[in-house]
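The file coords08.cif comes next; it holds mmCIF, N, CA and C atoms.
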data_run
#
loop_
_atom_site.label_atom_id
_atom_site.label_comp_id
_atom_site.auth_asym_id
_atom_site.auth_seq_id
_atom_site.Cartn_x
_atom_site.Cartn_y
_atom_site.Cartn_z
N ASN A 1445 99.44 97.96 87.49
CA ASN A 1445 100.53 98.68 86.85
C ASN A 1445 100.10 100.11 86.58
N PHE A 1446 101.05 101.01 86.76
CA PHE A 1446 100.82 102.42 86.48
C PHE A 1446 101.79 102.85 85.39
N ARG A 1447 101.27 103.45 84.34
CA ARG A 1447 102.11 103.92 83.23
C ARG A 1447 102.60 105.34 83.52
N ALA A 1448 103.84 105.62 83.10
CA ALA A 1448 104.43 106.95 83.29
C ALA A 1448 105.29 107.29 82.08
N ASP A 1449 105.28 108.55 81.70
CA ASP A 1449 106.16 109.00 80.61
C ASP A 1449 107.62 108.93 81.03
N ASP A 1450 107.89 109.15 82.30
CA ASP A 1450 109.26 109.16 82.82
C ASP A 1450 109.30 108.31 84.09
N VAL A 1451 109.71 107.06 83.94
CA VAL A 1451 109.73 106.13 85.07
C VAL A 1451 110.67 106.61 86.17
N GLU A 1452 111.82 107.14 85.78
CA GLU A 1452 112.77 107.60 86.79
C GLU A 1452 112.19 108.73 87.63
N ALA A 1453 111.49 109.67 87.00
CA ALA A 1453 110.86 110.76 87.75
C ALA A 1453 109.76 110.22 88.65
N ALA A 1454 109.00 109.23 88.17
CA ALA A 1454 107.94 108.63 88.98
C ALA A 1454 108.54 107.92 90.19
N VAL A 1455 109.65 107.20 89.98
CA VAL A 1455 110.32 106.52 91.09
C VAL A 1455 110.85 107.54 92.09
N ASP A 1456 111.45 108.62 91.60
CA ASP A 1456 111.95 109.67 92.50
C ASP A 1456 110.81 110.24 93.34
N ASP A 1457 109.65 110.45 92.71
CA ASP A 1457 108.49 110.98 93.44
C ASP A 1457 108.01 109.98 94.49
N LEU A 1458 107.91 108.70 94.12
CA LEU A 1458 107.50 107.68 95.08
C LEU A 1458 108.48 107.61 96.25
N ASN A 1459 109.78 107.60 95.94
CA ASN A 1459 110.80 107.53 97.00
C ASN A 1459 110.72 108.73 97.92
N SER A 1460 110.44 109.92 97.38
CA SER A 1460 110.34 111.13 98.21
C SER A 1460 109.15 111.07 99.16
N ARG A 1461 108.17 110.21 98.84
CA ARG A 1461 106.99 110.04 99.68
C ARG A 1461 107.11 108.84 100.61
N GLY A 1462 108.30 108.23 100.64
CA GLY A 1462 108.54 107.12 101.55
C GLY A 1462 108.29 105.75 100.96
N VAL A 1463 107.97 105.68 99.68
CA VAL A 1463 107.74 104.39 99.02
C VAL A 1463 109.09 103.86 98.56
N LEU A 1464 109.41 102.63 98.93
CA LEU A 1464 110.67 102.02 98.53
C LEU A 1464 110.44 101.12 97.33
N THR A 1465 111.20 101.35 96.28
CA THR A 1465 111.12 100.46 95.13
C THR A 1465 111.94 99.22 95.43
N MET A 1466 111.51 98.11 94.91
CA MET A 1466 112.16 96.82 95.17
C MET A 1466 113.39 96.70 94.29
N ILE A 1467 114.50 96.34 94.87
CA ILE A 1467 115.73 96.14 94.12
C ILE A 1467 115.84 94.65 93.77
N ASP A 1468 116.02 94.37 92.48
CA ASP A 1468 116.15 93.01 91.97
C ASP A 1468 115.04 92.08 92.47
N PRO A 1469 113.78 92.36 92.13
CA PRO A 1469 112.70 91.47 92.55
C PRO A 1469 112.78 90.11 91.86
N ASP A 1470 113.52 90.04 90.77
CA ASP A 1470 113.61 88.82 89.98
C ASP A 1470 115.08 88.64 89.58
N ASP A 1471 115.65 87.50 89.89
CA ASP A 1471 117.06 87.27 89.56
C ASP A 1471 117.34 87.36 88.06
N GLN A 1472 116.31 87.20 87.24
CA GLN A 1472 116.48 87.24 85.79
C GLN A 1472 116.60 88.66 85.26
N GLN A 1473 116.15 89.66 86.03
CA GLN A 1473 116.13 91.04 85.57
C GLN A 1473 116.81 91.93 86.60
N ALA A 1474 118.04 92.31 86.32
CA ALA A 1474 118.78 93.17 87.26
C ALA A 1474 118.28 94.61 87.17
N SER A 1475 118.12 95.23 88.32
CA SER A 1475 117.67 96.62 88.36
C SER A 1475 118.84 97.52 88.74
N ASP A 1476 118.67 98.82 88.47
CA ASP A 1476 119.70 99.79 88.85
C ASP A 1476 119.52 100.17 90.32
N ASN A 1477 120.29 101.16 90.78
CA ASN A 1477 120.25 101.52 92.20
C ASN A 1477 118.95 102.19 92.63
N LYS A 1478 118.08 102.53 91.68
CA LYS A 1478 116.76 103.08 92.02
C LYS A 1478 115.68 102.00 91.95
N GLY A 1479 116.07 100.79 91.54
CA GLY A 1479 115.10 99.71 91.43
C GLY A 1479 114.42 99.66 90.07
N ILE A 1480 114.99 100.31 89.07
CA ILE A 1480 114.41 100.35 87.73
C ILE A 1480 115.10 99.31 86.85
N VAL A 1481 114.30 98.47 86.19
CA VAL A 1481 114.83 97.52 85.22
C VAL A 1481 114.73 98.19 83.86
N ARG A 1482 115.84 98.22 83.16
CA ARG A 1482 115.89 98.91 81.86
C ARG A 1482 116.43 97.97 80.79
N GLY A 1483 115.99 98.21 79.54
CA GLY A 1483 116.60 97.54 78.40
C GLY A 1483 115.92 96.29 77.88
N ASN A 1484 115.00 95.71 78.61
CA ASN A 1484 114.28 94.52 78.14
C ASN A 1484 112.80 94.84 78.05
N GLY A 1485 112.42 95.67 77.09
CA GLY A 1485 111.04 96.13 77.02
C GLY A 1485 110.94 97.47 77.71
N PRO A 1486 109.75 97.82 78.17
CA PRO A 1486 109.60 99.13 78.83
C PRO A 1486 110.35 99.16 80.16
N ASP A 1487 110.87 100.33 80.53
CA ASP A 1487 111.47 100.50 81.86
C ASP A 1487 110.39 100.24 82.89
N ILE A 1488 110.75 99.57 83.98
CA ILE A 1488 109.76 99.21 85.00
C ILE A 1488 110.41 99.17 86.38
N ALA A 1489 109.64 99.55 87.39
CA ALA A 1489 110.09 99.46 88.78
C ALA A 1489 108.93 98.94 89.62
N TRP A 1490 109.23 98.05 90.55
CA TRP A 1490 108.22 97.45 91.42
C TRP A 1490 108.30 98.05 92.81
N PHE A 1491 107.14 98.07 93.47
CA PHE A 1491 107.07 98.53 94.86
C PHE A 1491 105.87 97.87 95.50
N ARG A 1492 105.77 97.95 96.82
CA ARG A 1492 104.63 97.35 97.54
C ARG A 1492 103.73 98.45 98.09
N ASP A 1493 102.43 98.18 98.05
CA ASP A 1493 101.49 99.11 98.68
C ASP A 1493 101.40 98.77 100.17
N PRO A 1494 100.67 99.56 100.97
CA PRO A 1494 100.61 99.30 102.41
C PRO A 1494 100.08 97.91 102.78
N ALA A 1495 99.31 97.29 101.89
CA ALA A 1495 98.79 95.95 102.17
C ALA A 1495 99.76 94.85 101.73
N GLY A 1496 100.88 95.24 101.13
CA GLY A 1496 101.88 94.26 100.71
C GLY A 1496 101.75 93.79 99.28
N ASN A 1497 100.79 94.33 98.54
CA ASN A 1497 100.63 93.96 97.14
C ASN A 1497 101.77 94.56 96.31
N VAL A 1498 102.26 93.80 95.34
CA VAL A 1498 103.32 94.29 94.47
C VAL A 1498 102.68 95.04 93.30
N LEU A 1499 103.11 96.28 93.12
CA LEU A 1499 102.64 97.14 92.04
C LEU A 1499 103.86 97.57 91.23
N SER A 1500 103.60 98.15 90.06
CA SER A 1500 104.73 98.63 89.26
C SER A 1500 104.38 99.94 88.58
N VAL A 1501 105.43 100.66 88.26
CA VAL A 1501 105.33 101.83 87.40
C VAL A 1501 106.18 101.48 86.18
N LEU A 1502 105.61 101.67 84.98
CA LEU A 1502 106.34 101.31 83.78
C LEU A 1502 106.22 102.37 82.71
N SER A 1503 107.18 102.36 81.82
CA SER A 1503 107.26 103.36 80.77
C SER A 1503 106.08 103.23 79.83
N SER A 1504 105.48 104.36 79.47
CA SER A 1504 104.38 104.36 78.52
C SER A 1504 104.89 104.53 77.09
N ARG A 1505 106.20 104.67 76.94
CA ARG A 1505 106.78 104.83 75.60
C ARG A 1505 107.24 103.53 75.03
#
Starting from the file, lay out its structure as structure tokens.
Amino acid sequence: NFRADDVEAAVDDLNSRGVLTMIDPDDQQASDNKGIVRGNGPDIAWFRDPAGNVLSVLSSR
């Protein structure tokens, strides 16, 4: 997990570099159109590294 002050800005930066955030990785937690889950704890977005491992960026606030 990677902590960020602004998850949306971090996701925008990842997307601009070709990293795709996962949309709805879990049926229990709906994400927005950027792949960010909000409202149930810290904001969080999941993505895969080149080896296929699932990583996340989450709010540090």
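Between CA of Asp1493 (chain A) and atom C of Ala1453 (chain A) there is a distance of 17.1 Å.
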Subject >> Shell of 6 Å around Ser1500 (chain A), all atoms listed in the file, local chain residues under 4 positions omitted, as JSON, numbers by chain >> reply: {"A": [1445, 1446, 1489, 1490, 1491]}
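Restricting the calculation to all atoms listed in the file, the smallest distance between Asp1487 (chain A) and any of A:Leu1464, A:Leu1458, A:Ser1475, A:Val1451 is found for A:Val1451.
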Subject >> DSSP helix (DSSP H, G or I) residues within chain A, listed as a PyMOL selection string >> reply: chain A and resi 1451-1460
Original post:
Taking the backbone alone, and naming residues the way the document does, which bits of chain A are strand (DSSP E or B) by DSSP, as a VMD selection string?
Top reply: chain A and resid 1446 to 1448 1465 1470 1473 1480 to 1481 1488 to 1492 1498 to 1503
Using only the atoms of region 1486-1504 of chain A listed in the file, plus 6 Å on each side, state the axis-aligned box centre and edge lengths in Å rounded to one decimal, as JSON.
{"center_x": 105.1, "center_y": 99.2, "center_z": 89.9, "size_x": 24.7, "size_y": 22.7, "size_z": 37.7}
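Each of A:Thr1465, A:Asp1449, A:Asn1459, A:Val1498 was checked against Lys1478 (chain A) using all atoms listed in the file; the smallest atom-to-atom distance is that of A:Thr1465.
Atom N of Ser1504 (chain A) to atom N of Asp1457 (chain A) spans 15.2 Å [interatomic distance, one decimal].
One distance worth recording is that between atom N of Gln1473 (chain A) and CA of Pro1486 (chain A), which is 13.6 Å.
Counting only C-alpha atoms and comparing A:Ile1488, A:Val1501, A:Val1481, A:Val1463, the residue that lies closest to Arg1447 (chain A) is A:Val1501.
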